[in-house]
Amino acid sequence: MTPTPDEAARAGLRADEFDRDWIREHVSDERRQAARLGDIREAIFGAQDGLVSTVAVASTVAGATGDSFVILVAGIATALAGMFSMAAGEYLSSKSQREIFEAQIAGEREEVETRPGEAQAEVAFMFEEDGLPSDEAAEVARIVSRHPDVLLRTMVEKELALHVEEHAGSPLQGAMVMGGAFGLGAMVPVLPYLIFPVEVAVWVSVLSAGAVLFGIGVAKSRWTRRGALRSGLEILVIGALAGVIGYFFGNVLPPLLGAPPVAT
């Protein structure tokens with residue numbers, strides 16, 4: 001990416017030439033942005049899942065029955081079940097992950113308090129693994145070990161590869177984002193069956209879901225820094241396949257299972 005004029009101007013500055021207030025604000029802003037990415041990830045994942053799973057169910061039922069009422073019931077049931085399932089799953093997984101992190105951090109804290117020499121030796125070894133010469137790694141570890149809180153954070157981040165964000169949302173917040181995004185995504189393939197005849201609605205449903213999926217992929221490229229077209233097409237292809245395959249099996253499976261053909 002081409003640097004902005006401000007970035008280009010800062011590129012030639014030495015570390016001691018930066019204003020501390022600017023650095024503090026800059027670091028705080030980057031941490032807030034990193035924390036927001038968690039919510040964005042959950043929203044994108046929830047919306048994608050809501051679209052793909054609901055368009056697959058709606059297309060399957062449309063192919064099997066041709067009854068708009070049955071399709072709406074199946075689509076709405078899928079949306080509601082998915083909302084609560086995704087929200088509960090996100091809440092429990094985030095809560096469990098946080099509890100596991102806290103237990104691991106407690107173990108490292110005990111090591112820092114009771115075996116500081118061992119902790120310092122581990123940090124020196126990890127700095128050496130990162131590429132520092134052994135004498136410089138030992139010196140950095142010695143300086144870090146003078147401050148137990150810094151030593152603990154260094155061990156947690158480097159040894160356990162954990163980083164508990166200060167601005168991270170709560171498990172409940174993540175659950176609400178995930179469930180809400182799933183519900184909004186699921187509405188897109190269901191609404192056409194309220195407006196159009198089934199034979200028209202099935203295509204409007206798939207095309208609408210595809211358009212929204214493509215838009216999600218394009219929007220996602222802003223954070224992934226991948227090509228917008230490629231990102232949009234990748235998600236679109238997955239969603240389109242789910243809808244087409246669902247409709248196909250909805251037409252093929254009922255006769256195989258002995259169901260009567262759908263009246264046209």
# chains A, B, ... in the order shown; residues from 1 in each chain; ligands from 1
call {"tool": "residues_around", "arguments": {"residues": "Ser205 (chain A)", "least_positions_apart": "2", "cutoff": "8 Å", "atoms": "only C-alpha atoms", "output": "PDB file with N, CA, C and O atoms, in the first residue's frame"}}
result
ATOM      1  N   VAL A  55     -30.552 -20.252   2.670  1.00  0.00           N
ATOM      2  CA  VAL A  55     -30.868 -20.399   1.250  1.00  0.00           C
ATOM      3  C   VAL A  55     -30.817 -21.873   0.852  1.00  0.00           C
ATOM      4  O   VAL A  55     -31.604 -22.323  -0.005  1.00  0.00           O
ATOM      5  N   VAL A 188     -32.684 -12.584   4.223  1.00  0.00           N
ATOM      6  CA  VAL A 188     -32.561 -12.290   2.786  1.00  0.00           C
ATOM      7  C   VAL A 188     -33.146 -13.398   1.915  1.00  0.00           C
ATOM      8  O   VAL A 188     -33.961 -13.126   1.017  1.00  0.00           O
ATOM      9  N   PRO A 189     -32.782 -14.674   2.104  1.00  0.00           N
ATOM     10  CA  PRO A 189     -33.349 -15.708   1.227  1.00  0.00           C
ATOM     11  C   PRO A 189     -34.791 -16.088   1.558  1.00  0.00           C
ATOM     12  O   PRO A 189     -35.441 -16.773   0.767  1.00  0.00           O
ATOM     13  N   VAL A 190     -35.318 -15.649   2.705  1.00  0.00           N
ATOM     14  CA  VAL A 190     -36.682 -16.010   3.087  1.00  0.00           C
ATOM     15  C   VAL A 190     -37.702 -15.008   2.549  1.00  0.00           C
ATOM     16  O   VAL A 190     -38.794 -15.391   2.103  1.00  0.00           O
ATOM     17  N   LEU A 191     -37.369 -13.731   2.563  1.00  0.00           N
ATOM     18  CA  LEU A 191     -38.324 -12.681   2.199  1.00  0.00           C
ATOM     19  C   LEU A 191     -38.938 -12.854   0.807  1.00  0.00           C
ATOM     20  O   LEU A 191     -40.136 -12.568   0.625  1.00  0.00           O
ATOM     21  N   PRO A 192     -38.186 -13.300  -0.212  1.00  0.00           N
ATOM     22  CA  PRO A 192     -38.819 -13.445  -1.536  1.00  0.00           C
ATOM     23  C   PRO A 192     -40.030 -14.361  -1.552  1.00  0.00           C
ATOM     24  O   PRO A 192     -40.949 -14.171  -2.367  1.00  0.00           O
ATOM     25  N   TYR A 193     -40.069 -15.349  -0.638  1.00  0.00           N
ATOM     26  CA  TYR A 193     -41.206 -16.267  -0.612  1.00  0.00           C
ATOM     27  C   TYR A 193     -42.460 -15.618  -0.044  1.00  0.00           C
ATOM     28  O   TYR A 193     -43.557 -16.174  -0.154  1.00  0.00           O
ATOM     29  N   ALA A 201     -39.788 -17.074  -6.679  1.00  0.00           N
ATOM     30  CA  ALA A 201     -39.124 -16.746  -5.419  1.00  0.00           C
ATOM     31  C   ALA A 201     -37.834 -17.523  -5.217  1.00  0.00           C
ATOM     32  O   ALA A 201     -36.868 -17.008  -4.646  1.00  0.00           O
ATOM     33  N   VAL A 202     -37.803 -18.776  -5.687  1.00  0.00           N
ATOM     34  CA  VAL A 202     -36.609 -19.583  -5.465  1.00  0.00           C
ATOM     35  C   VAL A 202     -35.400 -18.961  -6.150  1.00  0.00           C
ATOM     36  O   VAL A 202     -34.291 -18.948  -5.596  1.00  0.00           O
ATOM     37  N   TRP A 203     -35.612 -18.393  -7.346  1.00  0.00           N
ATOM     38  CA  TRP A 203     -34.498 -17.760  -8.046  1.00  0.00           C
ATOM     39  C   TRP A 203     -34.178 -16.388  -7.457  1.00  0.00           C
ATOM     40  O   TRP A 203     -33.005 -16.023  -7.350  1.00  0.00           O
ATOM     41  N   LEU A 207     -30.571 -15.483  -5.968  1.00  0.00           N
ATOM     42  CA  LEU A 207     -29.853 -14.328  -6.518  1.00  0.00           C
ATOM     43  C   LEU A 207     -29.656 -13.232  -5.473  1.00  0.00           C
ATOM     44  O   LEU A 207     -28.585 -12.611  -5.420  1.00  0.00           O
ATOM     45  N   SER A 208     -30.670 -13.004  -4.637  1.00  0.00           N
ATOM     46  CA  SER A 208     -30.536 -12.001  -3.580  1.00  0.00           C
ATOM     47  C   SER A 208     -29.462 -12.409  -2.584  1.00  0.00           C
ATOM     48  O   SER A 208     -28.634 -11.592  -2.177  1.00  0.00           O
ATOM     49  N   ALA A 209     -29.493 -13.676  -2.198  1.00  0.00           N
ATOM     50  CA  ALA A 209     -28.475 -14.166  -1.271  1.00  0.00           C
ATOM     51  C   ALA A 209     -27.090 -14.052  -1.895  1.00  0.00           C
ATOM     52  O   ALA A 209     -26.122 -13.663  -1.228  1.00  0.00           O
TER      53      ALA A 209
END
call {"tool": "residues_around", "arguments": {"residues": "Gly183 (chain A)", "least_positions_apart": "3", "cutoff": "7 Å", "atoms": "only C-alpha atoms", "output": "ChimeraX atom specification"}}
result
/A:50,79,83,179-180,186-187
call {"tool": "write_last_selection", "arguments": {"atoms": "N, CA, C and O atoms", "output": "mmCIF file, in the first residue's frame"}}
result
data_model
loop_
_atom_site.group_PDB
_atom_site.id
_atom_site.type_symbol
_atom_site.label_atom_id
_atom_site.label_comp_id
_atom_site.auth_asym_id
_atom_site.auth_seq_id
_atom_site.Cartn_x
_atom_site.Cartn_y
_atom_site.Cartn_z
ATOM 1 N N GLY A 50 -25.790 -17.469 8.096
ATOM 2 C CA GLY A 50 -27.232 -17.298 7.998
ATOM 3 C C GLY A 50 -27.721 -17.339 6.568
ATOM 4 O O GLY A 50 -28.740 -17.974 6.252
ATOM 5 N N ALA A 79 -33.768 -19.904 10.593
ATOM 6 C CA ALA A 79 -33.225 -18.628 11.061
ATOM 7 C C ALA A 79 -33.224 -18.543 12.583
ATOM 8 O O ALA A 79 -32.221 -18.174 13.201
ATOM 9 N N MET A 83 -29.950 -18.563 14.904
ATOM 10 C CA MET A 83 -29.644 -17.406 15.747
ATOM 11 C C MET A 83 -29.278 -17.832 17.166
ATOM 12 O O MET A 83 -28.243 -17.437 17.704
ATOM 13 N N GLY A 179 -25.347 -13.825 16.762
ATOM 14 C CA GLY A 179 -26.744 -14.203 16.571
ATOM 15 C C GLY A 179 -27.501 -13.192 15.728
ATOM 16 O O GLY A 179 -28.293 -13.566 14.850
ATOM 17 N N GLY A 180 -27.279 -11.897 15.992
ATOM 18 C CA GLY A 180 -27.965 -10.872 15.219
ATOM 19 C C GLY A 180 -27.580 -10.898 13.758
ATOM 20 O O GLY A 180 -28.437 -10.763 12.862
ATOM 21 N N ALA A 186 -30.173 -14.445 7.421
ATOM 22 C CA ALA A 186 -31.189 -15.444 7.103
ATOM 23 C C ALA A 186 -32.456 -14.830 6.519
ATOM 24 O O ALA A 186 -33.210 -15.501 5.803
ATOM 25 N N MET A 187 -32.713 -13.555 6.812
ATOM 26 C CA MET A 187 -33.916 -12.903 6.292
ATOM 27 C C MET A 187 -33.881 -12.758 4.774
ATOM 28 O O MET A 187 -34.922 -12.793 4.111
#
call {"tool": "atom_distance", "arguments": {"atom1": "CA of Glu113 (chain A)", "atom2": "CA of Gln97 (chain A)"}}
result
24.4 Å
call {"tool": "atom_distance", "arguments": {"atom1": "CA of His26 (chain A)", "atom2": "CA of Phe45 (chain A)"}}
result
28.7 Å
call {"tool": "residues_around", "arguments": {"residues": "Ile216 (chain A)", "least_positions_apart": "5", "cutoff": "8 Å", "atoms": "only C-alpha atoms", "output": "VMD selection string"}}
result
chain A and resid 44 48 232 235
call {"tool": "write_last_selection", "arguments": {"atoms": "all heavy atoms", "output": "compact mmCIF listing (two decimals), in the first residue's frame"}}
result
# COMPACT_ATOMS: atom_id res chain seq x y z
N ILE A 44 -19.40 -10.98 10.15
CA ILE A 44 -19.25 -11.54 8.81
C ILE A 44 -19.55 -13.04 8.82
O ILE A 44 -20.28 -13.55 7.98
CB ILE A 44 -17.84 -11.27 8.27
CG1 ILE A 44 -17.67 -9.77 7.96
CG2 ILE A 44 -17.57 -12.10 7.01
CD1 ILE A 44 -16.27 -9.39 7.53
N GLN A 48 -22.74 -14.68 6.86
CA GLN A 48 -22.46 -15.69 5.84
C GLN A 48 -23.19 -16.99 6.15
O GLN A 48 -23.83 -17.59 5.28
CB GLN A 48 -20.96 -15.97 5.76
CG GLN A 48 -20.14 -14.88 5.12
CD GLN A 48 -18.66 -15.22 5.10
OE1 GLN A 48 -17.83 -14.36 4.90
NE2 GLN A 48 -18.32 -16.47 5.32
N GLY A 232 -15.16 -11.27 -3.08
CA GLY A 232 -16.59 -11.36 -3.28
C GLY A 232 -17.00 -12.61 -4.02
O GLY A 232 -17.97 -13.28 -3.66
N ILE A 235 -16.91 -15.99 -1.85
CA ILE A 235 -18.08 -16.22 -1.01
C ILE A 235 -19.32 -16.49 -1.85
O ILE A 235 -20.16 -17.32 -1.52
CB ILE A 235 -18.30 -15.03 -0.06
CG1 ILE A 235 -17.10 -14.86 0.86
CG2 ILE A 235 -19.57 -15.20 0.75
CD1 ILE A 235 -17.21 -13.70 1.80
call {"tool": "closest_residue", "arguments": {"among": "A:Glu118, A:Asp49, A:Glu42, A:Asp21", "to": "Ser145 (chain A)", "atoms": "only C-alpha atoms"}}
result
A:Glu118
call {"tool": "select_by_dssp", "arguments": {"residues": "region 126-261 of chain A", "states": "helix (DSSP H, G or I)", "output": "number ranges by chain"}}
result
A: 126-129, 134-145, 148-159, 171-190, 192-195, 198-224, 228-256
call {"tool": "residues_around", "arguments": {"residues": "Lys220 (chain A)", "least_positions_apart": "3", "cutoff": "10 Å", "atoms": "only C-alpha atoms", "output": "PDB file with N, CA and C atoms, in the first residue's frame"}}
result
ATOM      1  N   ILE A  40     -16.222  -7.581  13.963  1.00  0.00           N
ATOM      2  CA  ILE A  40     -16.415  -7.640  12.514  1.00  0.00           C
ATOM      3  C   ILE A  40     -16.334  -9.086  12.028  1.00  0.00           C
ATOM      4  N   ARG A  41     -15.362  -9.831  12.567  1.00  0.00           N
ATOM      5  CA  ARG A  41     -15.229 -11.243  12.185  1.00  0.00           C
ATOM      6  C   ARG A  41     -16.498 -12.010  12.530  1.00  0.00           C
ATOM      7  N   ILE A  44     -19.403 -10.981  10.152  1.00  0.00           N
ATOM      8  CA  ILE A  44     -19.255 -11.544   8.813  1.00  0.00           C
ATOM      9  C   ILE A  44     -19.546 -13.037   8.823  1.00  0.00           C
ATOM     10  N   PHE A 214     -21.827 -11.614  -2.128  1.00  0.00           N
ATOM     11  CA  PHE A 214     -20.776 -10.921  -2.869  1.00  0.00           C
ATOM     12  C   PHE A 214     -20.420  -9.613  -2.177  1.00  0.00           C
ATOM     13  N   GLY A 215     -21.438  -8.882  -1.717  1.00  0.00           N
ATOM     14  CA  GLY A 215     -21.183  -7.633  -0.996  1.00  0.00           C
ATOM     15  C   GLY A 215     -20.408  -7.848   0.287  1.00  0.00           C
ATOM     16  N   ILE A 216     -20.716  -8.937   1.008  1.00  0.00           N
ATOM     17  CA  ILE A 216     -19.978  -9.249   2.232  1.00  0.00           C
ATOM     18  C   ILE A 216     -18.516  -9.523   1.898  1.00  0.00           C
ATOM     19  N   GLY A 217     -18.292 -10.278   0.826  1.00  0.00           N
ATOM     20  CA  GLY A 217     -16.915 -10.564   0.423  1.00  0.00           C
ATOM     21  C   GLY A 217     -16.158  -9.308   0.058  1.00  0.00           C
ATOM     22  N   TRP A 223     -10.573  -5.370   5.229  1.00  0.00           N
ATOM     23  CA  TRP A 223      -9.735  -5.751   6.369  1.00  0.00           C
ATOM     24  C   TRP A 223      -8.729  -6.833   6.012  1.00  0.00           C
ATOM     25  N   THR A 224      -9.068  -7.704   5.048  1.00  0.00           N
ATOM     26  CA  THR A 224      -8.133  -8.765   4.682  1.00  0.00           C
ATOM     27  C   THR A 224      -7.085  -8.284   3.690  1.00  0.00           C
ATOM     28  N   ARG A 225      -7.353  -7.151   3.029  1.00  0.00           N
ATOM     29  CA  ARG A 225      -6.450  -6.571   2.030  1.00  0.00           C
ATOM     30  C   ARG A 225      -6.246  -7.495   0.831  1.00  0.00           C
ATOM     31  N   ARG A 226      -7.243  -8.339   0.586  1.00  0.00           N
ATOM     32  CA  ARG A 226      -7.259  -9.134  -0.640  1.00  0.00           C
ATOM     33  C   ARG A 226      -8.042  -8.365  -1.697  1.00  0.00           C
ATOM     34  N   GLY A 227      -7.950  -8.806  -2.944  1.00  0.00           N
ATOM     35  CA  GLY A 227      -8.702  -8.165  -4.004  1.00  0.00           C
ATOM     36  C   GLY A 227     -10.197  -8.247  -3.739  1.00  0.00           C
ATOM     37  N   ALA A 228     -10.904  -7.128  -3.925  1.00  0.00           N
ATOM     38  CA  ALA A 228     -12.334  -7.086  -3.629  1.00  0.00           C
ATOM     39  C   ALA A 228     -13.115  -8.058  -4.505  1.00  0.00           C
ATOM     40  N   SER A 231     -12.410 -11.703  -3.434  1.00  0.00           N
ATOM     41  CA  SER A 231     -13.030 -11.999  -2.141  1.00  0.00           C
ATOM     42  C   SER A 231     -14.537 -12.154  -2.284  1.00  0.00           C
ATOM     43  N   GLY A 232     -15.157 -11.267  -3.083  1.00  0.00           N
ATOM     44  CA  GLY A 232     -16.595 -11.356  -3.280  1.00  0.00           C
ATOM     45  C   GLY A 232     -16.999 -12.609  -4.022  1.00  0.00           C
TER      46      GLY A 232
END
call {"tool": "closest_residue", "arguments": {"among": "A:Val200, A:Val123, A:Met155, A:Leu236", "to": "Arg109 (chain A)", "atoms": "only C-alpha atoms"}}
result
A:Met155
call {"tool": "atom_distance", "arguments": {"atom1": "CA of Ala141 (chain A)", "atom2": "CA of Ala121 (chain A)"}}
result
7.5 Å
call {"tool": "closest_residue", "arguments": {"among": "A:Leu233, A:Val212, A:Ile245, A:Ala124", "to": "Glu139 (chain A)", "atoms": "only C-alpha atoms"}}
result
A:Ala124
call {"tool": "closest_residue", "arguments": {"among": "A:Pro197, A:Gly38, A:Gly107, A:Gly75", "to": "Val57 (chain A)", "atoms": "only C-alpha atoms"}}
result
A:Gly75
call {"tool": "closest_residue", "arguments": {"among": "A:Ala11, A:Val198, A:Leu184, A:Ala106", "to": "Gly66 (chain A)", "atoms": "only C-alpha atoms"}}
result
A:Val198
call {"tool": "closest_residue", "arguments": {"among": "A:Met178, A:Val150, A:Val52, A:Ala62", "to": "Ala74 (chain A)", "atoms": "only C-alpha atoms"}}
result
A:Ala62
